[in-house]
2 protein chains.
Amino acid sequence: MKTISELQGIFNRYLSNQFFEKQPKELYEPFQYILSLGGKRMRPTMVLLGCEMFSHDAEKALPQAMAVELFHNFSLMHDDIMDNAPKRRGQPTVHEKFNTNSAILAGDSMLVYAYEYLIKNSGASVEKLIELFNKTAIEVCEGQQWDMNFENQNTVSVTQYLKMIELKTAVLLGCAMKMGAIVGEANEEDAQRLYEVGRKLGIAFQLQDDILDSFGDEKKFGKQTGGDIIQNKKTLLLIEAMEKANPEQRIQLTNWLEKKSFDQKEKVKAIMDLYYELNIRNIAESEMLKYYEDAMQTLDEIDIPEMSKTGLRNFAQQLLVRES
Amino acid sequence: MKTISELQGIFNRYLSNQFFEKQPKELYEPFQYILSLGGKRMRPTMVLLGCEMFSHDAEKALPQAMAVELFHNFSLMHDDIMDNAPKRRGQPTVHEKFNTNSAILAGDSMLVYAYEYLIKNSGASVEKLIELFNKTAIEVCEGQQWDMNFENQNTVSVTQYLKMIELKTAVLLGCAMKMGAIVGEANEEDAQRLYEVGRKLGIAFQLQDDILDSFGDEKKFGKQTGGDIIQNKKTLLLIEAMEKANPEQRIQLTNWLEKKSFDQKEKVKAIMDLYYELNIRNIAESEMLKYYEDAMQTLDEIDIPEMSKTGLRNFAQQLLVRES
């Protein structure tokens with residue numbers, strides 16, 4: 001079994017050999033740019049890992065790993081336009097560095113290229129892969145729409161929030177793992193179990209992201225904490241705080257949410273104080289751990305040697321017991 | 001053989017039975033809206049026609065016809081954002097009626113749904129269909145980028161212009177015809193010939209569009225003529241006029257192109273006068289007819305009974321000898 005960092009290395013070498021230096025350069029430069037911003041390559045690594053677990057031949061799934069990475073970057077490019085985000089991984093977003101039209105059109109082509117890689121060397125699995133990928137891609141778009149809807153909604157329930165992050169973030173991790181399993185010729189039941197492992201880890205991963213955005217150590221997290229608080233983002237933390245607050249605390253929270261002009265640090269401190277009073281970190285962490293443990297239990301049920309599961313267990317640990 | 005209007009009817013009935021009434025409605029309403037704006041349904045009709053020619057069973061290709069129509073509407077939705085267009089078929093564009101974020105995200109999902117329809121009942125042809133569709137989709141994006149590049153370019157050659165409209169418009173018509181042929185189980189050579197017929201007709205069609213935009217009868221054309229002239233659009237007409245102009249005429253042309261503020265009617269009249277002096281309409285029409293005749297010659301080479309070609313011959317006539 002290859003280790004996670006070996007798989008990451010295999011993917012990064014493959015990626016650096018894919019050339020998008022075609023004409024017109026205005027279309028392909030944003031490709032090169034966003035792919036060069038790096039990142040953990042979590043999704044393609046999950047594809048390779050899924051394949052390695054069943055076949056010990058991770059390389060076979062490289063084109064599908066690339067498909068998932070292209071899809072992910074397409075969605076980042078378009079989400080950044082919709083969210084009006086100036087920075088991505090500390091660098092200007094594509095629409096800032098180039099322009100909005102480039103970010104729309106380059107994103108569109110990345111989505112098409114994702115399908116191009118998806119079918120490469122896929123043999124008899126081609127239909128299964130496309131069906132899974134289509135279903136996932138539609139869910140990710142739906143998740144993004146719910147996320148945008150929630151911004152204009154006064155109240156969002158925990159259930160609605162969990163459904164939104166499932167669609168927007170988690171199903172793509174499930175899809176990545178299952179695509180690897182399909183290329184690695186797992187049986188249908190095990191492939192679906194691996195999908196569930198990925199999906200559940202995805203929800204846990206997003207909850208951990210929410211927790212770190214408020215409670216992370218800025219030095220280790222690599223960016224300013226409190227961003228979600230400043231933007232009134234309806235994360236699990238805020239939703240739980242609203243539900244658990246007593247009338248007086250709810251008034252304080254609502255006042256801060258409604259303020260049009262405020263000192264950012266003051267707002268972050270005030271809301272964090274309420275989070276501490278209401279024990280929000282523990283509530284969110286136990287929700288996160290519930291999904292993590294559920295994922296590990298589903299992993300137990302997969303019919304392969306325990307040795308072949310170690311990589312994924314370590315990877316899950318890395319993703320969830322992280323500080324950045 | 002079914003007639004063109006029978007095929008259009010078959011497609012419109014199929015389309016009206018496809019429901020995009022899923023949640024979140026903010027994502028799916030723009031789908032319903034743009035598809036309800038109508039249009040000639042030229043592309044899906046070409047898919048059905050391609051299938052009918054080889055199998056007399058056009059209905060078999062309905063999902064692929066839908067795929068092409070969805071792709072076309074996705075590209076309209078995103079192009080309208082990029083071109084800042086307020087109207088489409090006399091109605092507000094999607095980003096005007098809803099908002100830009102909706103138009104981006106609904107467009108993205110339409111592209112994914114196009115793939116969903118593309119593979120429906122496609123059996124053993126699935127890979128061939130996806131490869132053709134991917135290649136075409138990438139070319140359409142490249143064409144749109146060239147078109148945007150040309151706006152900021154001082155000179156564009158006839159060759160560059162023809163290449164741009166080939167990518168942006170014509171290859172999708174080639175793709176539509178060939179997809180129909182594939183589903184209709186044509187042999188590879190004939191399917192490729194039909195692609196060429198569609199591609200050549202597509203170039204002729206776009207040239208006819210350019211001609212009508214300047215020389216059309218407003219009542220029959222259904223919109224104000226002269227739009228391309230007002231916007232300095234580098235169509236074949238303008239490119240040919242710049243090339244054929246004598247020094248004095250070139251100065252007049254350039255002056256009009258460089259004017260920041262002008263009376264629209266006066267500008268249209270001045271440039272139309274130059275077009276008449278330079279015989280631009282004839283030049284453009286003979287270029288258009290060259291592609292049309294070339295397409296019909298390629299159609300001759302296809303190995304099916306002459307009777308099965310009549311529909312496409314009529315359709316080509318309708319497309320090119322039109323006033324709207």
# chains A, B, ... in the order shown; residues from 1 in each chain; ligands from 1
call {"tool": "residues_around", "arguments": {"residues": "A:Trp256", "least_positions_apart": "3", "cutoff": "9 Å", "atoms": "only C-alpha atoms", "output": "list in words"}}
result
Asn232, Ile251, Gln252, Leu253, Lys259, Lys260, Phe262, Lys267, Ala270 and Ile271 of chain A
call {"tool": "write_last_selection", "arguments": {"atoms": "N, CA and C atoms", "output": "CSV table (one decimal), in the first residue's frame"}}
result
chain,number,residue,atom,x,y,z
A,232,ASN,N,-21.3,37.2,9.1
A,232,ASN,CA,-22.6,36.6,9.5
A,232,ASN,C,-22.8,35.2,8.8
A,251,ILE,N,-30.6,38.4,22.1
A,251,ILE,CA,-30.7,39.8,21.8
A,251,ILE,C,-29.3,40.3,21.4
A,252,GLN,N,-28.3,39.9,22.2
A,252,GLN,CA,-27.0,40.3,22.0
A,252,GLN,C,-26.5,39.9,20.6
A,253,LEU,N,-26.7,38.6,20.3
A,253,LEU,CA,-26.3,38.0,19.0
A,253,LEU,C,-27.0,38.7,17.9
A,259,LYS,N,-25.9,44.8,12.9
A,259,LYS,CA,-25.1,46.0,12.8
A,259,LYS,C,-24.5,46.2,11.4
A,260,LYS,N,-24.7,47.3,10.8
A,260,LYS,CA,-24.2,47.6,9.5
A,260,LYS,C,-22.7,48.0,9.6
A,262,PHE,N,-19.3,48.3,12.2
A,262,PHE,CA,-18.8,47.8,13.5
A,262,PHE,C,-17.3,47.7,13.4
A,267,LYS,N,-16.5,42.9,17.2
A,267,LYS,CA,-17.6,41.9,16.8
A,267,LYS,C,-17.2,40.5,17.0
A,270,ALA,N,-17.0,39.7,20.8
A,270,ALA,CA,-18.3,39.6,21.4
A,270,ALA,C,-19.0,38.3,21.1
A,271,ILE,N,-18.9,37.9,19.8
A,271,ILE,CA,-19.6,36.6,19.4
A,271,ILE,C,-18.8,35.4,19.9
call {"tool": "closest_atom_pairs", "arguments": {"of": "chain A", "to": "chain B", "cutoff": "7 Å", "atoms": "only C-alpha atoms", "output": "CSV"}}
result
residue,atom,partner,partner_atom,distance
A:Pro24,CA,B:Glu142,CA,6.6
A:Leu27,CA,B:Gln145,CA,6.4
A:Met82,CA,B:Asn101,CA,5.4
A:Asn101,CA,B:Met82,CA,5.5
A:Leu105,CA,B:Cys141,CA,6.6
A:Ser109,CA,B:Ile138,CA,6.0
A:Val112,CA,B:Asn134,CA,6.2
A:Glu116,CA,B:Asn134,CA,6.4
A:Asn134,CA,B:Val112,CA,6.2
A:Ala137,CA,B:Val112,CA,6.8
A:Ile138,CA,B:Ser109,CA,6.0
A:Cys141,CA,B:Ser109,CA,6.4
A:Glu142,CA,B:Pro24,CA,6.6
A:Gln145,CA,B:Leu27,CA,6.4
A:Trp146,CA,B:Pro24,CA,6.7
call {"tool": "write_last_selection", "arguments": {"atoms": "C-alpha atoms", "output": "PDB file, in the first residue's frame"}}
result
ATOM      1  CA  PRO A  24      -6.178  31.273 -27.148  1.00  0.00           C
ATOM      2  CA  LEU A  27      -8.605  30.967 -22.047  1.00  0.00           C
ATOM      3  CA  MET A  82     -20.385  34.611  -7.010  1.00  0.00           C
ATOM      4  CA  ASN A 101     -15.399  36.997 -18.231  1.00  0.00           C
ATOM      5  CA  LEU A 105     -15.274  31.008 -19.601  1.00  0.00           C
ATOM      6  CA  SER A 109     -13.849  24.848 -20.174  1.00  0.00           C
ATOM      7  CA  VAL A 112     -15.590  20.188 -20.025  1.00  0.00           C
ATOM      8  CA  GLU A 116     -12.434  14.632 -20.987  1.00  0.00           C
ATOM      9  CA  ASN A 134     -23.084  13.930 -13.238  1.00  0.00           C
ATOM     10  CA  ALA A 137     -21.836  17.788 -10.169  1.00  0.00           C
ATOM     11  CA  ILE A 138     -25.551  18.618 -10.071  1.00  0.00           C
ATOM     12  CA  CYS A 141     -24.425  23.222  -7.978  1.00  0.00           C
ATOM     13  CA  GLU A 142     -27.541  22.728  -5.861  1.00  0.00           C
ATOM     14  CA  GLN A 145     -27.433  27.630  -4.633  1.00  0.00           C
ATOM     15  CA  TRP A 146     -28.646  26.678  -1.132  1.00  0.00           C
TER      16      TRP A 146
END
call {"tool": "select_by_dssp", "arguments": {"residues": "stretch 62-198 of chain B", "states": "strand (DSSP E or B)", "output": "MDAnalysis selection string"}}
result
chainID B and resid 87:88 91:92
call {"tool": "residues_around", "arguments": {"residues": "A:Thr93", "least_positions_apart": "5", "cutoff": "12 Å", "atoms": "only C-alpha atoms", "output": "PyMOL selection string"}}
result
chain A and resi 30-31+33-35+37+73+76-88+98-100+102-103
call {"tool": "write_last_selection", "arguments": {"atoms": "N, CA and C atoms", "output": "mmCIF file, in the first residue's frame"}}
result
data_model
loop_
_atom_site.group_PDB
_atom_site.id
_atom_site.type_symbol
_atom_site.label_atom_id
_atom_site.label_comp_id
_atom_site.auth_asym_id
_atom_site.auth_seq_id
_atom_site.Cartn_x
_atom_site.Cartn_y
_atom_site.Cartn_z
ATOM 1 N N PRO A 30 -5.767 31.140 -17.127
ATOM 2 C CA PRO A 30 -6.421 30.959 -15.819
ATOM 3 C C PRO A 30 -6.394 29.511 -15.307
ATOM 4 N N PHE A 31 -6.401 28.543 -16.234
ATOM 5 C CA PHE A 31 -6.247 27.125 -15.871
ATOM 6 C C PHE A 31 -4.942 26.917 -15.113
ATOM 7 N N TYR A 33 -2.968 29.012 -13.880
ATOM 8 C CA TYR A 33 -2.854 29.833 -12.683
ATOM 9 C C TYR A 33 -3.519 29.170 -11.493
ATOM 10 N N ILE A 34 -4.788 28.794 -11.638
ATOM 11 C CA ILE A 34 -5.493 28.269 -10.462
ATOM 12 C C ILE A 34 -4.924 26.914 -10.049
ATOM 13 N N LEU A 35 -4.510 26.108 -11.039
ATOM 14 C CA LEU A 35 -3.929 24.806 -10.678
ATOM 15 C C LEU A 35 -2.581 24.967 -9.985
ATOM 16 N N LEU A 37 -1.886 27.235 -7.833
ATOM 17 C CA LEU A 37 -2.010 27.764 -6.472
ATOM 18 C C LEU A 37 -1.850 26.665 -5.425
ATOM 19 N N ASN A 73 -11.615 22.790 -9.119
ATOM 20 C CA ASN A 73 -11.092 24.113 -9.447
ATOM 21 C C ASN A 73 -12.066 24.938 -10.291
ATOM 22 N N LEU A 76 -14.410 26.289 -7.688
ATOM 23 C CA LEU A 76 -13.783 27.394 -6.949
ATOM 24 C C LEU A 76 -13.811 28.679 -7.776
ATOM 25 N N MET A 77 -13.457 28.544 -9.056
ATOM 26 C CA MET A 77 -13.371 29.724 -9.937
ATOM 27 C C MET A 77 -14.718 30.434 -10.024
ATOM 28 N N HIS A 78 -15.786 29.654 -10.217
ATOM 29 C CA HIS A 78 -17.118 30.263 -10.326
ATOM 30 C C HIS A 78 -17.651 30.704 -8.962
ATOM 31 N N ASP A 79 -17.406 29.921 -7.912
ATOM 32 C CA ASP A 79 -17.860 30.337 -6.574
ATOM 33 C C ASP A 79 -17.199 31.654 -6.168
ATOM 34 N N ASP A 80 -15.922 31.794 -6.494
ATOM 35 C CA ASP A 80 -15.225 33.032 -6.125
ATOM 36 C C ASP A 80 -15.842 34.254 -6.803
ATOM 37 N N ILE A 81 -16.310 34.086 -8.048
ATOM 38 C CA ILE A 81 -17.022 35.204 -8.694
ATOM 39 C C ILE A 81 -18.305 35.492 -7.901
ATOM 40 N N MET A 82 -19.075 34.432 -7.664
ATOM 41 C CA MET A 82 -20.385 34.611 -7.010
ATOM 42 C C MET A 82 -20.233 35.191 -5.607
ATOM 43 N N ASP A 83 -19.172 34.780 -4.897
ATOM 44 C CA ASP A 83 -18.964 35.281 -3.528
ATOM 45 C C ASP A 83 -18.174 36.586 -3.518
ATOM 46 N N ASN A 84 -17.774 37.053 -4.710
ATOM 47 C CA ASN A 84 -17.002 38.284 -4.778
ATOM 48 C C ASN A 84 -15.713 38.187 -3.955
ATOM 49 N N ALA A 85 -15.065 37.029 -3.973
ATOM 50 C CA ALA A 85 -13.893 36.787 -3.122
ATOM 51 C C ALA A 85 -12.637 37.342 -3.780
ATOM 52 N N PRO A 86 -11.857 38.159 -3.060
ATOM 53 C CA PRO A 86 -10.658 38.740 -3.657
ATOM 54 C C PRO A 86 -9.453 37.792 -3.643
ATOM 55 N N LYS A 87 -9.415 36.876 -2.648
ATOM 56 C CA LYS A 87 -8.218 36.035 -2.478
ATOM 57 C C LYS A 87 -8.588 34.562 -2.410
ATOM 58 N N ARG A 88 -7.673 33.753 -2.853
ATOM 59 C CA ARG A 88 -7.786 32.288 -2.789
ATOM 60 C C ARG A 88 -6.384 31.788 -2.479
ATOM 61 N N PHE A 98 -7.326 38.095 -13.635
ATOM 62 C CA PHE A 98 -7.665 38.261 -15.043
ATOM 63 C C PHE A 98 -8.912 39.165 -15.079
ATOM 64 N N ASN A 99 -10.071 38.615 -15.380
ATOM 65 C CA ASN A 99 -11.313 39.393 -15.260
ATOM 66 C C ASN A 99 -12.471 38.417 -15.160
ATOM 67 N N THR A 100 -13.657 38.926 -14.893
ATOM 68 C CA THR A 100 -14.804 38.040 -14.638
ATOM 69 C C THR A 100 -15.128 37.186 -15.854
ATOM 70 N N SER A 102 -13.150 36.067 -18.148
ATOM 71 C CA SER A 102 -12.180 34.975 -18.225
ATOM 72 C C SER A 102 -12.493 33.896 -17.205
ATOM 73 N N ALA A 103 -12.876 34.317 -16.004
ATOM 74 C CA ALA A 103 -13.140 33.334 -14.956
ATOM 75 C C ALA A 103 -14.388 32.513 -15.273
#
call {"tool": "atom_distance", "arguments": {"atom1": "atom CA of A:Ala245", "atom2": "atom CA of A:Tyr292"}}
result
26.9 Å
call {"tool": "residues_around", "arguments": {"residues": "B:Lys200", "least_positions_apart": "5", "cutoff": "7 Å", "atoms": "only C-alpha atoms", "output": "ChimeraX atom specification"}}
result
/B:170,291-292,295
call {"tool": "atom_distance", "arguments": {"atom1": "atom CA of A:Met296", "atom2": "atom CA of A:Leu62"}}
result
25.2 Å
call {"tool": "closest_residue", "arguments": {"among": "A:Leu172, A:Lys97, A:Gly198, A:Asn17", "to": "A:Glu29", "atoms": "only C-alpha atoms"}}
result
A:Lys97
call {"tool": "residues_around", "arguments": {"residues": "stretch 312-323 of chain A", "least_positions_apart": "5", "cutoff": "9 Å", "atoms": "only C-alpha atoms", "output": "ChimeraX atom specification"}}
result
/A:4,42,46,49-50,53,201,204-205,208-209,212,216-217,220-221,288-289,292,296,299
call {"tool": "atom_distance", "arguments": {"atom1": "atom CA of A:Asn246", "atom2": "atom CA of A:Leu162"}}
result
23.5 Å
call {"tool": "select_by_dssp", "arguments": {"residues": "stretch 105-249 of chain B", "states": "alpha helix (DSSP H)", "output": "PyMOL selection string"}}
result
chain B and resi 105-118+126-151+158-165+171-183+188-215+218-221+227-230+236-244+247-249
call {"tool": "closest_residue", "arguments": {"among": "B:Thr169, B:Ser125, B:Gln224, B:Gln160", "to": "B:Glu185", "atoms": "only C-alpha atoms"}}
result
B:Ser125
call {"tool": "residues_around", "arguments": {"residues": "A:Val68", "least_positions_apart": "4", "cutoff": "9 Å", "atoms": "only C-alpha atoms", "output": "list in words"}}
result
Arg43, Pro44, Val47, Pro63, Gln64, His72, Asn73, Ala114, Tyr117, Leu118, Phe133, Leu172, Cys175 and Ala176 of chain A
call {"tool": "write_last_selection", "arguments": {"atoms": "C-alpha atoms", "output": "PDB file, in the first residue's frame"}}
result
ATOM      1  CA  ARG A  43      -9.804  15.128  -3.726  1.00  0.00           C
ATOM      2  CA  PRO A  44      -7.450  13.618  -6.300  1.00  0.00           C
ATOM      3  CA  VAL A  47      -9.429   9.009  -5.950  1.00  0.00           C
ATOM      4  CA  PRO A  63      -7.060  10.616 -15.193  1.00  0.00           C
ATOM      5  CA  GLN A  64     -10.092  10.352 -12.898  1.00  0.00           C
ATOM      6  CA  HIS A  72     -13.071  21.248  -7.938  1.00  0.00           C
ATOM      7  CA  ASN A  73     -11.092  24.113  -9.447  1.00  0.00           C
ATOM      8  CA  ALA A 114     -13.028  17.300 -16.379  1.00  0.00           C
ATOM      9  CA  TYR A 117     -10.196  13.179 -18.247  1.00  0.00           C
ATOM     10  CA  LEU A 118     -13.046  11.283 -16.632  1.00  0.00           C
ATOM     11  CA  PHE A 133     -19.923  12.336 -11.758  1.00  0.00           C
ATOM     12  CA  LEU A 172     -17.565  15.354  -4.064  1.00  0.00           C
ATOM     13  CA  CYS A 175     -17.588  10.710  -5.454  1.00  0.00           C
ATOM     14  CA  ALA A 176     -13.774  10.881  -5.422  1.00  0.00           C
TER      15      ALA A 176
END
